[in-house]
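Asker: As input, take start-v9.cif (mmCIF, C-alpha atoms and all ligand atoms):
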data_upload
loop_
_atom_site.label_atom_id
_atom_site.label_comp_id
_atom_site.auth_asym_id
_atom_site.auth_seq_id
_atom_site.Cartn_x
_atom_site.Cartn_y
_atom_site.Cartn_z
CA MET W 30 -15.50 5.07 -21.01
CA GLN W 31 -11.85 4.14 -20.66
CA MET W 32 -9.52 7.03 -19.92
CA ARG W 33 -6.16 7.38 -21.64
CA ALA W 34 -2.88 8.73 -20.22
CA LEU W 35 0.31 9.67 -22.06
CA ILE W 36 3.50 9.36 -20.00
CA THR W 37 6.89 10.70 -21.07
CA GLY W 38 10.00 8.96 -19.73
CA ALA W 39 7.99 5.78 -19.23
CA SER W 40 10.85 3.35 -19.82
CA ALA W 41 12.31 3.67 -16.30
CA GLY W 42 11.98 5.09 -12.80
CA LEU W 43 9.00 7.29 -11.99
CA GLY W 44 7.60 7.08 -15.53
CA ALA W 45 7.42 3.27 -15.47
CA GLU W 46 5.80 3.46 -12.04
CA PHE W 47 3.23 5.97 -13.36
CA ALA W 48 2.47 3.48 -16.13
CA ARG W 49 1.97 0.60 -13.68
CA ARG W 50 -0.22 2.70 -11.37
CA LEU W 51 -2.37 4.22 -14.11
CA ALA W 52 -2.80 0.81 -15.75
CA ALA W 53 -3.96 -0.56 -12.38
CA ASP W 54 -6.47 2.30 -12.28
CA GLY W 55 -7.79 1.16 -15.67
CA PHE W 56 -6.24 3.79 -17.95
CA SER W 57 -5.12 2.86 -21.42
CA LEU W 58 -1.64 4.23 -22.03
CA VAL W 59 0.64 5.94 -24.51
CA LEU W 60 4.23 5.33 -23.45
CA VAL W 61 6.98 7.69 -24.61
CA ALA W 62 10.78 7.42 -24.20
CA ARG W 63 13.76 6.77 -26.47
CA ASP W 64 14.25 3.10 -25.60
CA ALA W 65 11.56 1.29 -27.61
CA GLU W 66 12.59 -2.15 -26.34
CA ARG W 67 12.14 -1.17 -22.71
CA LEU W 68 8.78 0.41 -23.48
CA GLU W 69 7.63 -2.77 -25.28
CA ALA W 70 8.84 -4.91 -22.37
CA LEU W 71 6.90 -2.77 -19.90
CA ALA W 72 3.82 -2.77 -22.13
CA ALA W 73 3.88 -6.58 -22.22
CA THR W 74 3.46 -6.68 -18.43
CA LEU W 75 0.44 -4.36 -18.28
CA PRO W 76 -3.13 -5.59 -18.81
CA VAL W 77 -4.45 -2.53 -20.69
CA ALA W 78 -4.39 -1.19 -24.25
CA ILE W 79 -0.98 0.39 -24.84
CA GLU W 80 0.55 2.45 -27.62
CA VAL W 81 4.33 2.54 -27.58
CA LEU W 82 5.57 5.81 -29.04
CA PRO W 83 9.39 5.89 -29.06
CA ALA W 84 10.71 9.44 -29.34
CA ASP W 85 13.71 11.51 -28.38
CA LEU W 86 11.98 14.56 -26.98
CA THR W 87 15.09 16.69 -27.40
CA THR W 88 14.74 16.43 -31.18
CA GLU W 89 12.24 18.51 -33.14
CA ASP W 90 10.86 15.41 -34.91
CA GLY W 91 10.46 13.43 -31.69
CA LEU W 92 8.80 16.27 -29.85
CA GLU W 93 6.40 17.09 -32.68
CA LEU W 94 5.47 13.41 -33.06
CA VAL W 95 4.32 13.35 -29.43
CA ALA W 96 2.67 16.78 -29.69
CA GLU W 97 0.67 15.56 -32.72
CA ARG W 98 -0.41 12.46 -30.82
CA LEU W 99 -1.65 14.63 -27.94
CA ALA W 100 -3.61 16.87 -30.30
CA ASP W 101 -5.32 13.93 -32.06
CA ALA W 102 -9.01 14.47 -31.25
CA ALA W 103 -9.94 11.02 -32.55
CA ARG W 104 -7.86 9.35 -29.81
CA PRO W 105 -8.09 11.79 -26.90
CA VAL W 106 -5.56 11.81 -24.10
CA ASP W 107 -7.18 12.57 -20.73
CA VAL W 108 -4.04 12.75 -18.61
CA LEU W 109 -0.59 13.94 -19.70
CA VAL W 110 2.31 13.09 -17.40
CA ASN W 111 5.34 15.26 -18.28
CA ASN W 112 8.01 13.21 -16.56
CA ALA W 113 11.05 12.61 -18.83
CA GLY W 114 14.20 14.14 -17.46
CA PHE W 115 17.89 13.94 -16.70
CA ALA W 116 20.46 16.20 -15.10
CA VAL W 117 23.87 17.35 -16.22
CA ALA W 118 26.40 16.18 -13.64
CA GLU W 119 29.25 18.59 -14.31
CA PRO W 120 29.47 21.95 -12.59
CA PHE W 121 28.24 24.82 -14.76
CA HIS W 122 31.66 26.17 -15.71
CA ALA W 123 32.78 22.73 -16.91
CA SER W 124 29.66 21.33 -18.56
CA ALA W 125 29.17 20.96 -22.30
CA ILE W 126 26.79 23.63 -23.52
CA ALA W 127 25.04 21.07 -25.76
CA ASP W 128 24.20 19.01 -22.65
CA GLU W 129 22.95 22.11 -20.84
CA ARG W 130 20.70 22.86 -23.79
CA ARG W 131 19.34 19.31 -24.02
CA MET W 132 18.60 19.30 -20.29
CA HIS W 133 16.94 22.71 -20.39
CA GLU W 134 14.82 21.71 -23.38
CA LEU W 135 13.77 18.36 -21.91
CA LEU W 136 12.92 19.77 -18.48
CA ALA W 137 11.43 23.15 -19.41
CA TRP W 138 10.52 23.42 -23.10
CA VAL W 139 9.18 19.89 -23.62
CA PRO W 140 6.50 20.13 -20.85
CA THR W 141 5.55 23.58 -22.21
CA ARG W 142 5.21 22.29 -25.79
CA LEU W 143 3.29 19.16 -24.77
CA ALA W 144 0.92 21.07 -22.46
CA HIS W 145 0.29 23.44 -25.36
CA ALA W 146 -0.58 20.49 -27.58
CA ALA W 147 -2.84 18.79 -25.03
CA LEU W 148 -4.74 21.75 -23.59
CA PRO W 149 -7.04 22.77 -26.46
CA GLY W 150 -8.58 19.28 -26.68
CA MET W 151 -8.89 19.02 -22.90
CA ARG W 152 -10.65 22.39 -22.77
CA GLU W 153 -13.00 21.38 -25.55
CA ARG W 154 -13.88 18.15 -23.74
CA GLY W 155 -14.24 20.08 -20.47
CA ARG W 156 -11.86 17.79 -18.61
CA GLY W 157 -8.25 16.73 -18.47
CA GLY W 158 -5.20 16.55 -16.27
CA ILE W 159 -1.57 17.53 -16.72
CA LEU W 160 0.91 16.27 -14.14
CA ASN W 161 4.32 17.91 -14.45
CA VAL W 162 7.12 16.17 -12.61
CA ALA W 163 9.19 19.05 -11.27
CA SER W 164 11.44 18.76 -8.21
CA LEU W 165 12.01 20.27 -4.80
CA ALA W 166 15.22 21.47 -6.47
CA GLY W 167 12.99 23.94 -8.31
CA ARG W 168 12.64 25.77 -5.02
CA LEU W 169 16.40 26.02 -4.52
CA PRO W 170 19.13 27.93 -6.35
CA SER W 171 21.02 24.74 -7.07
CA GLY W 172 22.20 25.10 -10.64
CA THR W 173 20.64 24.94 -14.07
CA TYR W 174 18.65 21.79 -13.22
CA SER W 175 16.95 23.77 -10.45
CA ALA W 176 16.37 26.69 -12.78
CA ALA W 177 14.59 24.47 -15.31
CA LYS W 178 12.47 22.86 -12.59
CA ALA W 179 11.54 26.33 -11.27
CA HIS W 180 10.14 26.99 -14.76
CA VAL W 181 8.00 23.86 -14.51
CA ILE W 182 6.60 24.90 -11.13
CA ALA W 183 5.71 28.40 -12.36
CA LEU W 184 4.25 26.98 -15.57
CA SER W 185 2.08 24.51 -13.65
CA ARG W 186 0.79 27.12 -11.21
CA SER W 187 -0.03 29.49 -14.06
CA LEU W 188 -1.86 26.90 -16.15
CA ALA W 189 -3.64 25.50 -13.08
CA ALA W 190 -5.06 28.92 -12.25
CA GLN W 191 -5.86 29.76 -15.86
CA TYR W 192 -7.64 26.55 -16.90
CA ARG W 193 -9.24 25.29 -13.71
CA SER W 194 -12.62 26.75 -14.68
CA ASP W 195 -12.41 24.86 -18.01
CA GLY W 196 -12.16 21.55 -16.15
CA VAL W 197 -8.43 21.10 -16.73
CA VAL W 198 -6.29 20.31 -13.69
CA VAL W 199 -2.57 21.05 -13.75
CA THR W 200 -0.31 19.81 -10.95
CA ALA W 201 3.43 20.17 -10.34
CA LEU W 202 4.88 17.22 -8.44
CA LEU W 203 7.96 18.06 -6.36
CA PRO W 204 9.95 14.99 -5.30
CA GLY W 205 13.12 15.12 -3.25
CA PHE W 206 15.62 12.30 -3.77
CA VAL W 207 13.96 9.23 -5.29
CA ALA W 208 15.50 5.81 -5.86
CA THR W 209 15.42 5.49 -9.68
CA GLU W 210 18.06 5.37 -12.42
CA PHE W 211 18.36 9.15 -12.37
CA HIS W 212 21.58 9.55 -10.37
CA GLU W 213 23.17 6.47 -11.93
CA ARG W 214 22.57 7.98 -15.38
CA MET W 215 24.22 11.19 -14.15
CA GLY W 216 27.18 9.12 -13.06
CA VAL W 217 27.02 10.48 -9.51
CA ALA W 218 25.88 9.12 -6.18
CA PRO W 219 24.92 11.99 -3.88
CA THR W 220 26.50 11.14 -0.57
CA SER W 221 24.94 14.02 1.35
CA VAL W 222 21.62 12.19 1.69
CA PRO W 223 21.52 8.95 3.70
CA ARG W 224 19.63 6.09 2.05
CA ALA W 225 16.82 6.48 4.61
CA GLY W 226 16.16 9.93 3.15
CA TRP W 227 15.33 8.58 -0.30
CA ALA W 228 11.70 8.19 -1.31
CA ASP W 229 10.57 5.19 -3.28
CA ALA W 230 9.03 5.71 -6.69
CA SER W 231 5.68 4.19 -5.74
CA SER W 232 5.00 6.68 -2.93
CA VAL W 233 6.04 9.61 -5.13
CA VAL W 234 3.71 8.47 -7.92
CA ARG W 235 0.86 7.88 -5.49
CA ASP W 236 1.26 11.41 -4.09
CA GLY W 237 1.36 12.90 -7.59
CA LEU W 238 -1.79 11.18 -8.79
CA ARG W 239 -3.59 12.04 -5.57
CA GLY W 240 -2.56 15.69 -6.08
CA LEU W 241 -4.04 15.62 -9.57
CA ARG W 242 -7.28 14.03 -8.34
CA THR W 243 -7.61 16.59 -5.55
CA ARG W 244 -6.80 19.48 -7.92
CA ARG W 245 -3.67 20.69 -6.18
CA ALA W 246 -1.40 23.01 -8.19
CA VAL W 247 1.74 21.97 -6.30
CA VAL W 248 2.40 18.72 -4.43
CA ILE W 249 5.52 17.85 -2.46
CA ALA W 250 6.05 14.11 -2.64
CA ASP W 251 6.81 11.95 0.38
CA TRP W 252 6.13 12.82 4.01
CA ARG W 253 9.83 13.31 4.85
CA TYR W 254 10.16 16.05 2.28
CA ARG W 255 6.83 17.61 3.26
CA LEU W 256 8.20 17.86 6.79
CA ALA W 257 11.48 19.38 5.57
CA ALA W 258 9.96 21.78 3.01
CA PRO W 259 9.33 24.71 5.40
CA ILE W 260 13.08 25.12 6.00
CA ILE W 261 13.89 25.45 2.29
CA PRO W 262 13.52 29.26 2.14
CA PHE W 263 16.04 29.53 4.99
CA ILE W 264 18.79 27.51 3.31
CA PRO W 265 21.56 29.94 2.29
CA ASP W 266 22.13 30.09 -1.48
CA ARG W 267 25.76 28.99 -1.20
CA VAL W 268 24.67 25.87 0.69
CA ALA W 269 21.91 25.09 -1.80
CA ALA W 270 24.36 25.57 -4.67
CA SER W 271 26.61 22.87 -3.25
CA PHE W 272 23.89 20.20 -3.12
CA GLY W 273 25.06 18.75 -6.42
CA LEU W 274 21.73 18.38 -8.17
CA GLY W 275 23.14 18.65 -11.67
CA GLY W 276 24.27 21.63 -13.72
CA ARG W 277 25.46 22.81 -10.35
CA THR W 278 27.24 26.04 -9.76
CA SER W 279 30.30 24.82 -7.89
N1 LIG I 1 15.16 10.57 -9.04
C1 LIG I 1 15.16 11.70 -8.35
O1 LIG I 1 15.83 11.84 -7.29
C2 LIG I 1 14.30 12.85 -8.82
C3 LIG I 1 14.02 13.88 -7.91
C4 LIG I 1 13.22 14.94 -8.30
C5 LIG I 1 12.70 14.98 -9.59
N2 LIG I 1 13.00 13.98 -10.47
C6 LIG I 1 12.44 14.07 -11.82
O2 LIG I 1 11.65 12.93 -12.07
C7 LIG I 1 11.56 12.71 -13.48
C8 LIG I 1 11.79 11.24 -13.78
O3 LIG I 1 13.13 10.91 -13.41
P1 LIG I 1 13.52 9.48 -12.80
O4 LIG I 1 14.04 9.73 -11.44
O5 LIG I 1 12.43 8.50 -13.00
O6 LIG I 1 14.79 9.17 -13.73
P2 LIG I 1 15.16 7.88 -14.63
O7 LIG I 1 14.91 6.63 -13.87
O8 LIG I 1 16.55 8.17 -15.11
O9 LIG I 1 14.14 7.97 -15.85
C9 LIG I 1 14.21 9.02 -16.77
C10 LIG I 1 13.26 8.76 -17.93
O10 LIG I 1 13.34 9.85 -18.86
C11 LIG I 1 13.51 9.31 -20.18
N3 LIG I 1 14.26 10.24 -21.03
C12 LIG I 1 15.49 10.77 -20.79
N4 LIG I 1 15.86 11.52 -21.83
C13 LIG I 1 14.85 11.48 -22.74
C14 LIG I 1 14.66 12.04 -24.03
N5 LIG I 1 15.60 12.82 -24.61
N6 LIG I 1 13.50 11.80 -24.69
C15 LIG I 1 12.55 11.01 -24.12
N7 LIG I 1 12.68 10.43 -22.91
C16 LIG I 1 13.82 10.66 -22.23
C17 LIG I 1 14.27 8.00 -19.96
O11 LIG I 1 14.02 7.08 -20.99
P3 LIG I 1 14.98 6.72 -22.26
O12 LIG I 1 16.39 6.69 -21.76
O13 LIG I 1 14.45 5.41 -22.73
O14 LIG I 1 14.72 7.82 -23.24
C18 LIG I 1 13.60 7.48 -18.68
O15 LIG I 1 12.42 6.80 -19.01
C19 LIG I 1 12.57 13.66 -14.12
O16 LIG I 1 11.90 14.78 -14.65
C20 LIG I 1 13.46 14.09 -12.95
O17 LIG I 1 14.03 15.37 -13.16
C21 LIG I 1 13.77 12.91 -10.11
#
I need this file expressed as structure tokens, please.
Ligand SMILES: NC(=O)c1ccc[n+]([C@@H]2O[C@H](COP(=O)([O-])OP(=O)(O)OC[C@H]3O[C@@H](n4cnc5c(N)ncnc54)[C@H](OP(=O)(O)O)[C@@H]3O)[C@@H](O)[C@H]2O)c1

Answerer:
Amino acid sequence: MQMRALITGASAGLGAEFARRLAADGFSLVLVARDAERLEALAATLPVAIEVLPADLTTEDGLELVAERLADAARPVDVLVNNAGFAVAEPFHASAIADERRMHELLAWVPTRLAHAALPGMRERGRGGILNVASLAGRLPSGTYSAAKAHVIALSRSLAAQYRSDGVVVTALLPGFVATEFHERMGVAPTSVPRAGWADASSVVRDGLRGLRTRRAVVIADWRYRLAAPIIPFIPDRVAASFGLGGRTS
């Protein structure tokens, strides 16, 4: 039986790479993002059955449209990839509160709502996977982006522990810097990280899907960041806060 995956933020970056990889693994796909044209263009390149579901997940209508699709028992979704995201570039004291709210909702509330929509069906079927794209930033006090990603990590660990015995796997994927459109959309180019320190989207996606298959609750993407991860707890807060990951504090 063909498995089906729903990917949010599938029009670019990691989401588009998840789509390519899952299609190569034989999944049929439901692709979600705001840009319908980009989703259609991606769908045209993939040799599997694809539903394009354009939605702005920061609107009530868009979010509920996707939640309803996930809860549709007649067309079950086996794997949910909560990936859509962006970061506010301005420091916290200077950012627009509407942007802070949109970011917080997209990064923290949307994965919560969509997991809530997908889980009952997955439990009933006795199998399913939820891959939440968090960030290593979620382990650092580096602004409101970090705070929202910390929510995703805690959410994933909680759901992983709670629903494992029902056959549902929940994994948080923690990338470091990845070469996608993310920083360009923020309008910033972080200069603190040399290009050699950036992971490519394909290795991040491969690590995430492997983590889901091997039932890991938390996966750090890319070997360079796995090597660096043990020093994270020792980074002073004021240094972490200056990393400039979005919604930053200075
Ligand atoms: N790149 C990094 O360095 C990095 C590091 C750690 C974690 N991450 C996380 O990885 C995830 C994917 O980011 P990326 O690097 O692939 O960035 P990206 O290339 O900018 O892609 C972001 C995706 O999110 C979608 N999106 C944005 N706002 C949306 C909305 N309101 N409703 C629906 N879809 C929306 C965008 O599509 P539309 O514009 O078409 O809506 C796009 O498909 C994010 O959660 C990000 O926080 C990224």

Asker: If we count all atoms listed in the file and set the cut-off at 12 Å, which residues sit around Arg193 in chain W, ignoring sequence neighbours fewer than 2 positions away in its own chain? Please answer as a list in words.

Answerer: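 My reading of the contact set: Leu148, Met151, Arg152, Gly155, Arg156, Gly157, Gly158, Ile159, Ser185, Arg186, Ser187, Leu188, Ala189, Ala190, Gln191, Asp195, Gly196, Val197, Val198, Val199, Thr200, Leu241, Arg244, Arg245 and Ala246 of chain W.
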
Asker: May I have the selected residues written with C-alpha atoms, as a compact mmCIF listing (two decimals), in the coordinates of the input?

Answerer:
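Heads up, here's the output in part_31.txt:
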# COMPACT_ATOMS: atom_id res chain seq x y z
CA LEU W 148 -4.74 21.75 -23.59
CA MET W 151 -8.89 19.02 -22.90
CA ARG W 152 -10.65 22.39 -22.77
CA GLY W 155 -14.24 20.08 -20.47
CA ARG W 156 -11.86 17.79 -18.61
CA GLY W 157 -8.25 16.73 -18.47
CA GLY W 158 -5.20 16.55 -16.27
CA ILE W 159 -1.57 17.53 -16.72
CA SER W 185 2.08 24.51 -13.65
CA ARG W 186 0.79 27.12 -11.21
CA SER W 187 -0.03 29.49 -14.06
CA LEU W 188 -1.86 26.90 -16.15
CA ALA W 189 -3.64 25.50 -13.08
CA ALA W 190 -5.06 28.92 -12.25
CA GLN W 191 -5.86 29.76 -15.86
CA ASP W 195 -12.41 24.86 -18.01
CA GLY W 196 -12.16 21.55 -16.15
CA VAL W 197 -8.43 21.10 -16.73
CA VAL W 198 -6.29 20.31 -13.69
CA VAL W 199 -2.57 21.05 -13.75
CA THR W 200 -0.31 19.81 -10.95
CA LEU W 241 -4.04 15.62 -9.57
CA ARG W 244 -6.80 19.48 -7.92
CA ARG W 245 -3.67 20.69 -6.18
CA ALA W 246 -1.40 23.01 -8.19

Asker: I'd like the contact shell of Leu35 in chain W - 7 Å cut-off, all atoms listed in the file, skipping same-chain residues fewer than 6 positions apart - returned as a PyMOL selection string.

Answerer: chain W and resi 58-60+106+108-110

Asker: Step by step, measure atom-to-atom distances between ligand LIG 1 (chain I) and each residue using all atoms listed in the file, keep those at most 8 Å, then write them as a ChimeraX atom specification.

Answerer: /W:37-45,61-65,67-68,83-88,91,111-116,131,135-136,162-166,174,178,203-214,227,230

Asker: Residues at most 10 Å from Ala137 in chain W, counting all atoms listed in the file, excluding those fewer than 2 positions away in the same chain, as a PyMOL selection string?

Answerer: chain W and resi 114+131-135+139-142+163+174+176-182+184

Asker: Restricting the calculation to all atoms listed in the file: of W:Leu99, W:Ile79, W:Leu71, W:Leu169, which residue gets closest to Ala270 in chain W?

Answerer: W:Leu169

Asker: So which one's closest to Ile36 in chain W, W:Ala103, W:Leu75, W:Leu82, W:Ala70? Using all atoms listed in the file, please.

Answerer: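 When distances to Ile36 in chain W are compared using all atoms listed in the file, the smallest one comes from W:Leu82.
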
Asker: Calculate how many Å separate CA of Glu119 in chain W from CA of Gly216 in chain W, rounding to one decimal.

Answerer: 9.8 Å

Asker: For Asp266 in chain W, find every residue with an atom within 10 Å (counting all atoms listed in the file), except residues of its own chain fewer than 3 positions away, and show them as a list in words.

Answerer: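 The residues that qualify are Leu169, Pro170, Ser171, Pro262, Phe263, Ala269, Ala270 and Ser271 of chain W.
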
Asker: Measure the distance from CA of Gly172 in chain W to CA of Pro120 in chain W in Å and round it to one decimal.

Answerer: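 Interatomic distance, CA of Gly172 in chain W to CA of Pro120 in chain W: 8.2 Å.
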
Asker: Between CA of Ile261 in chain W and CA of Ile249 in chain W, what is the spacing in Å?

Answerer: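 Answer for the CA of Ile249 in chain W to CA of Ile261 in chain W separation: 12.3 Å.
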
Asker: Compare W:Leu160, W:Ala147, W:Ala125, W:Ala118 by their minimum atom-to-atom distance to Asp101 in chain W, counting all atoms listed in the file, and give me the closest one.

Answerer: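 Smallest distance to Asp101 in chain W is found for W:Ala147.
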
Asker: Tell me which of W:Ile264, W:Ala201, W:Val95, W:Val233 sits closest to Arg50 in chain W, counting all atoms listed in the file.

Answerer: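 When distances to Arg50 in chain W are compared using all atoms listed in the file, the smallest one comes from W:Val233.
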
Asker: Using only C-alpha atoms, pick whichever of W:Arg33, W:Arg154, W:Arg239, W:Arg130 has the shortest atom-to-atom distance to Val117 in chain W.

Answerer: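 For Val117 in chain W, the nearest of the given residues is W:Arg130.
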
Asker: Which residue out of W:Phe56, W:Leu51, W:Pro76, W:Ala34 has the minimum interatomic distance to Arg98 in chain W when all atoms listed in the file are used?

Answerer: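 Closest residue, counting all atoms listed in the file: W:Ala34.
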
Asker: Using all atoms of range 124-129 of chain W that appear in the file, construct an axis-aligned enclosing box with 5 Å of padding on every side and provide its centre coordinates and edge lengths in Å, rounded to one decimal, as AutoDock Vina command-line options.

Answerer:
--center_x 26.3 --center_y 21.3 --center_z -22.2 --size_x 16.7 --size_y 14.6 --size_z 17.2
